[in-house]
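Quick notes on the structure that follows.
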Amino acid sequence: MPSWNIHIAQAERLLERGGAVARTVRDANAFLFGNLVPDIMVGYMVPGITDPIPYRTTHFAAPEFIPKPREREFWDTYVMPLFEQLGEADSRCVTVVPTSIVEERAAIDRIHFPQRFESDDAAAPVTEAGETALPSAARTLFDLVLGTWAHLVADNLWNTRVNQFLDEHGGKPSEQFRIKKQGDFDGFGKMLPITSIPRETPELVAAAAAFPQYPIASDHVHDAIVVTHEIVRTNGAPAHAPYQLLTEDFFEITFAEVLDTTDRALEERL
């Protein structure tokens with residue numbers, strides 16, 4: 001399965017590329033966190049999950065060796081009903097963005113090396129005309145759920161392409177295959193440039209608690225953000241070990257396909 005490095009990178013690219021996702025999302029902080037949600041309560045990524053929820057439940061997937069989440073079922077069950085509850089004002093609110101490791105390092109540098117920033121002109125953020133309010137609770141929850149859907153779309157497509165790769169190269173699922181595949185995904189993910197970290201705001205915590213599939217407690221939100229911080233802080237390897245199973249082309253093509261598929265599906269459905 002794609003690592004959080006990959007999911008964070010995909011969320012960042014979707015918000016940067018100006019497609020349907022970028023035009024739709026208003027609470028980018030919640031959208032980024034939503035891209036991690038399906039893995040939080042499974043228990044492997046986040047410590048302290050005393051009552052883990054089975055992967056087949058969190059990911060709307062059959063219990064098979066390379067599961068393919070039913071993203072359309074999640075969309076119809078959770079995304080669309082929340083979208084239909086949004087009002088016109090929810091599309092005109094200011095955009096909430098996540099924090100970044102770059103901002104964090106700059107804040108630390110300002111304390112230790114103030115002379116570097118003496119000439120900085122800290123301009124106030126500019127918003128479009130008519131954007132006067134922060135996102136409502138309904139808007140934040142929708143963007144979080146939309147991010148969750150984007151995670152399921154990604155997992156579905158990555159695993160579909162892995163299955164096809166196996167078929168084309170005469171392989172079959174096995175424990176040895178799983179180890180090689182995970183090593184390849186880890187190598188690819190750690191090379192991706194990522195900077196975004198969700199902000200642990202009251203609004204995000206409230207949206208996680210109201211997540212319609214199952215509530216996510218505030219301590220789990222906190223711990224997930226701590227894990228995310230460490231992933232982002234340590235990411236950016238200059239190279240990876242030779243792939244054992246997959247290929248450079250596989251990762252480059254599938255990564256781009258996930259972005260295109262997510263934007264296109266959102267455009268068509270909304």
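Here, A, B, ... name the chains of the structure tokens in the order displayed, residue numbers run from 1 inside each chain, and ligands are numbered from 1 in the same displayed order.
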Name the residues in contact with Thr24 of chain A at a cut-off of 12 Å, using only C-alpha atoms, excluding same-chain residues fewer than 2 positions from it; report them as a PyMOL selection string. chain A and resi 14-15+18-22+26-28+31+83+86+90-93+95+139-140+142-143+146-147+263+266-267+269-270
Residue neighbourhood Glu200 of chain A, 10 Å, only C-alpha atoms, exclusion window fewer than 6 positions, as a PyMOL selection string: chain A and resi 29-30+33+98-99+218+221-222+224-226
In Å to one decimal, how far is atom CA of Met191 of chain A from atom CA of Gly236 of chain A?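 That distance, rounded to one decimal, is 4.8 Å.
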Contacts of segment 192-197 of chain A at 12 Å or less, counting only C-alpha atoms, minus same-chain residues fewer than 5 places along, as an NGL selection string? :A and (3-13 or 15-16 or 28-36 or 97-105 or 185-187 or 222 or 224-240 or 251-252 or 255)
Distance of atom CA of Gly43 of chain A from atom CA of Phe65 of chain A, expressed in Å to one decimal place: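 Distance between the two atoms: 18.4 Å.
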Shell of 6 Å around Pro69 of chain A, only C-alpha atoms, local chain residues under 4 positions omitted, as number ranges by chain: A: 59-61, 152, 156
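Closest approach to Gln164 of chain A among A:Ala207, A:Pro198, A:Asp109, A:Thr254 is made by A:Thr254 (distances from only C-alpha atoms).
Minimum distance to Asp249 of chain A across A:Arg161, A:Asp223, A:Ile108, A:Tyr44 (counting only C-alpha atoms) occurs at A:Arg161.
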Using DSSP on the backbone coordinates, identify the residues of segment 60-154 of chain A assigned to alpha helix (DSSP H); present them as a PyMOL selection string. chain A and resi 71-74+80-84+101-112+137-154
Go ahead and dump the residues you just picked, N, CA and C atoms, as an mmCIF file, in the first residue's frame.
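Output contents, as saved in out.cif:
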```cif
data_model
loop_
_atom_site.group_PDB
_atom_site.id
_atom_site.type_symbol
_atom_site.label_atom_id
_atom_site.label_comp_id
_atom_site.auth_asym_id
_atom_site.auth_seq_id
_atom_site.Cartn_x
_atom_site.Cartn_y
_atom_site.Cartn_z
ATOM 1 N N GLU A 71 -13.937 2.944 -3.515
ATOM 2 C CA GLU A 71 -14.015 4.394 -3.321
ATOM 3 C C GLU A 71 -15.366 4.958 -3.716
ATOM 4 N N ARG A 72 -16.026 4.350 -4.719
ATOM 5 C CA ARG A 72 -17.313 4.889 -5.145
ATOM 6 C C ARG A 72 -18.372 4.657 -4.076
ATOM 7 N N GLU A 73 -18.292 3.536 -3.386
ATOM 8 C CA GLU A 73 -19.237 3.279 -2.303
ATOM 9 C C GLU A 73 -19.041 4.291 -1.168
ATOM 10 N N PHE A 74 -17.787 4.586 -0.847
ATOM 11 C CA PHE A 74 -17.510 5.603 0.175
ATOM 12 C C PHE A 74 -18.038 6.964 -0.279
ATOM 13 N N MET A 80 -21.036 12.542 -0.900
ATOM 14 C CA MET A 80 -22.142 13.236 -1.550
ATOM 15 C C MET A 80 -23.177 13.782 -0.562
ATOM 16 N N PRO A 81 -23.590 13.019 0.457
ATOM 17 C CA PRO A 81 -24.537 13.590 1.422
ATOM 18 C C PRO A 81 -24.001 14.835 2.118
ATOM 19 N N LEU A 82 -22.719 14.865 2.438
ATOM 20 C CA LEU A 82 -22.154 16.052 3.076
ATOM 21 C C LEU A 82 -22.083 17.226 2.104
ATOM 22 N N PHE A 83 -21.760 16.945 0.850
ATOM 23 C CA PHE A 83 -21.715 18.003 -0.151
ATOM 24 C C PHE A 83 -23.089 18.657 -0.315
ATOM 25 N N GLU A 84 -24.119 17.849 -0.307
ATOM 26 C CA GLU A 84 -25.474 18.371 -0.500
ATOM 27 C C GLU A 84 -25.935 19.233 0.668
ATOM 28 N N ILE A 101 6.932 22.093 7.322
ATOM 29 C CA ILE A 101 8.234 21.979 7.969
ATOM 30 C C ILE A 101 9.102 23.176 7.622
ATOM 31 N N VAL A 102 8.851 23.805 6.483
ATOM 32 C CA VAL A 102 9.604 25.000 6.088
ATOM 33 C C VAL A 102 9.279 26.154 7.026
ATOM 34 N N GLU A 103 7.986 26.343 7.334
ATOM 35 C CA GLU A 103 7.580 27.395 8.265
ATOM 36 C C GLU A 103 8.168 27.145 9.648
ATOM 37 N N GLU A 104 8.146 25.915 10.067
ATOM 38 C CA GLU A 104 8.661 25.577 11.391
ATOM 39 C C GLU A 104 10.147 25.900 11.491
ATOM 40 N N ARG A 105 10.914 25.523 10.478
ATOM 41 C CA ARG A 105 12.355 25.792 10.502
ATOM 42 C C ARG A 105 12.637 27.288 10.442
ATOM 43 N N ALA A 106 11.822 28.019 9.668
ATOM 44 C CA ALA A 106 12.017 29.470 9.576
ATOM 45 C C ALA A 106 11.730 30.134 10.921
ATOM 46 N N ALA A 107 10.711 29.655 11.626
ATOM 47 C CA ALA A 107 10.382 30.225 12.933
ATOM 48 C C ALA A 107 11.516 29.996 13.922
ATOM 49 N N ILE A 108 12.129 28.833 13.869
ATOM 50 C CA ILE A 108 13.263 28.539 14.753
ATOM 51 C C ILE A 108 14.471 29.396 14.372
ATOM 52 N N ASP A 109 14.698 29.535 13.055
ATOM 53 C CA ASP A 109 15.819 30.352 12.592
ATOM 54 C C ASP A 109 15.664 31.813 13.016
ATOM 55 N N ARG A 110 14.430 32.321 13.043
ATOM 56 C CA ARG A 110 14.214 33.716 13.441
ATOM 57 C C ARG A 110 14.682 33.965 14.877
ATOM 58 N N ILE A 111 14.576 32.946 15.711
ATOM 59 C CA ILE A 111 15.009 33.077 17.097
ATOM 60 C C ILE A 111 16.529 33.029 17.196
ATOM 61 N N HIS A 112 17.127 32.098 16.484
ATOM 62 C CA HIS A 112 18.573 31.893 16.605
ATOM 63 C C HIS A 112 19.402 32.792 15.689
ATOM 64 N N ALA A 137 -18.108 24.474 10.275
ATOM 65 C CA ALA A 137 -17.852 23.108 10.723
ATOM 66 C C ALA A 137 -18.226 22.111 9.632
ATOM 67 N N ALA A 138 -19.320 22.405 8.905
ATOM 68 C CA ALA A 138 -19.743 21.509 7.823
ATOM 69 C C ALA A 138 -18.731 21.489 6.695
ATOM 70 N N ARG A 139 -18.137 22.630 6.393
ATOM 71 C CA ARG A 139 -17.142 22.708 5.319
ATOM 72 C C ARG A 139 -15.876 21.950 5.698
ATOM 73 N N THR A 140 -15.421 22.131 6.931
ATOM 74 C CA THR A 140 -14.221 21.429 7.383
ATOM 75 C C THR A 140 -14.446 19.923 7.367
ATOM 76 N N LEU A 141 -15.615 19.485 7.828
ATOM 77 C CA LEU A 141 -15.908 18.056 7.821
ATOM 78 C C LEU A 141 -15.963 17.522 6.397
ATOM 79 N N PHE A 142 -16.578 18.273 5.488
ATOM 80 C CA PHE A 142 -16.640 17.822 4.093
ATOM 81 C C PHE A 142 -15.244 17.675 3.508
ATOM 82 N N ASP A 143 -14.378 18.656 3.732
ATOM 83 C CA ASP A 143 -13.038 18.584 3.157
ATOM 84 C C ASP A 143 -12.233 17.441 3.772
ATOM 85 N N LEU A 144 -12.445 17.150 5.046
ATOM 86 C CA LEU A 144 -11.783 16.003 5.662
ATOM 87 C C LEU A 144 -12.257 14.701 5.012
ATOM 88 N N VAL A 145 -13.562 14.583 4.821
ATOM 89 C CA VAL A 145 -14.110 13.374 4.200
ATOM 90 C C VAL A 145 -13.683 13.279 2.738
ATOM 91 N N LEU A 146 -13.581 14.412 2.064
ATOM 92 C CA LEU A 146 -13.095 14.405 0.681
ATOM 93 C C LEU A 146 -11.649 13.911 0.628
ATOM 94 N N GLY A 147 -10.835 14.322 1.604
ATOM 95 C CA GLY A 147 -9.471 13.818 1.658
ATOM 96 C C GLY A 147 -9.427 12.320 1.908
ATOM 97 N N THR A 148 -10.328 11.825 2.739
ATOM 98 C CA THR A 148 -10.413 10.385 2.991
ATOM 99 C C THR A 148 -10.741 9.639 1.700
ATOM 100 N N TRP A 149 -11.679 10.191 0.946
ATOM 101 C CA TRP A 149 -12.027 9.588 -0.355
ATOM 102 C C TRP A 149 -10.815 9.580 -1.282
ATOM 103 N N ALA A 150 -10.050 10.666 -1.298
ATOM 104 C CA ALA A 150 -8.867 10.728 -2.155
ATOM 105 C C ALA A 150 -7.861 9.639 -1.778
ATOM 106 N N HIS A 151 -7.735 9.349 -0.493
ATOM 107 C CA HIS A 151 -6.868 8.253 -0.038
ATOM 108 C C HIS A 151 -7.349 6.928 -0.615
ATOM 109 N N LEU A 152 -8.656 6.691 -0.582
ATOM 110 C CA LEU A 152 -9.197 5.426 -1.085
ATOM 111 C C LEU A 152 -9.035 5.316 -2.600
ATOM 112 N N VAL A 153 -9.214 6.424 -3.310
ATOM 113 C CA VAL A 153 -8.971 6.418 -4.755
ATOM 114 C C VAL A 153 -7.524 6.021 -5.038
ATOM 115 N N ALA A 154 -6.606 6.617 -4.286
ATOM 116 C CA ALA A 154 -5.187 6.326 -4.491
ATOM 117 C C ALA A 154 -4.880 4.861 -4.218
#
```
Between atom CA of Trp158 of chain A and atom CA of Leu204 of chain A, what is the distance in Å, rounded to a tenth?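 Between these atoms lies a distance of 27.8 Å.
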Using only C-alpha atoms, which residue out of A:Pro212, A:Val42, A:Gln244, A:Val79 lies closest to Phe177 of chain A?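 Of A:Pro212, A:Val42, A:Gln244, A:Val79, the one nearest Phe177 of chain A, counting only C-alpha atoms, is A:Gln244.
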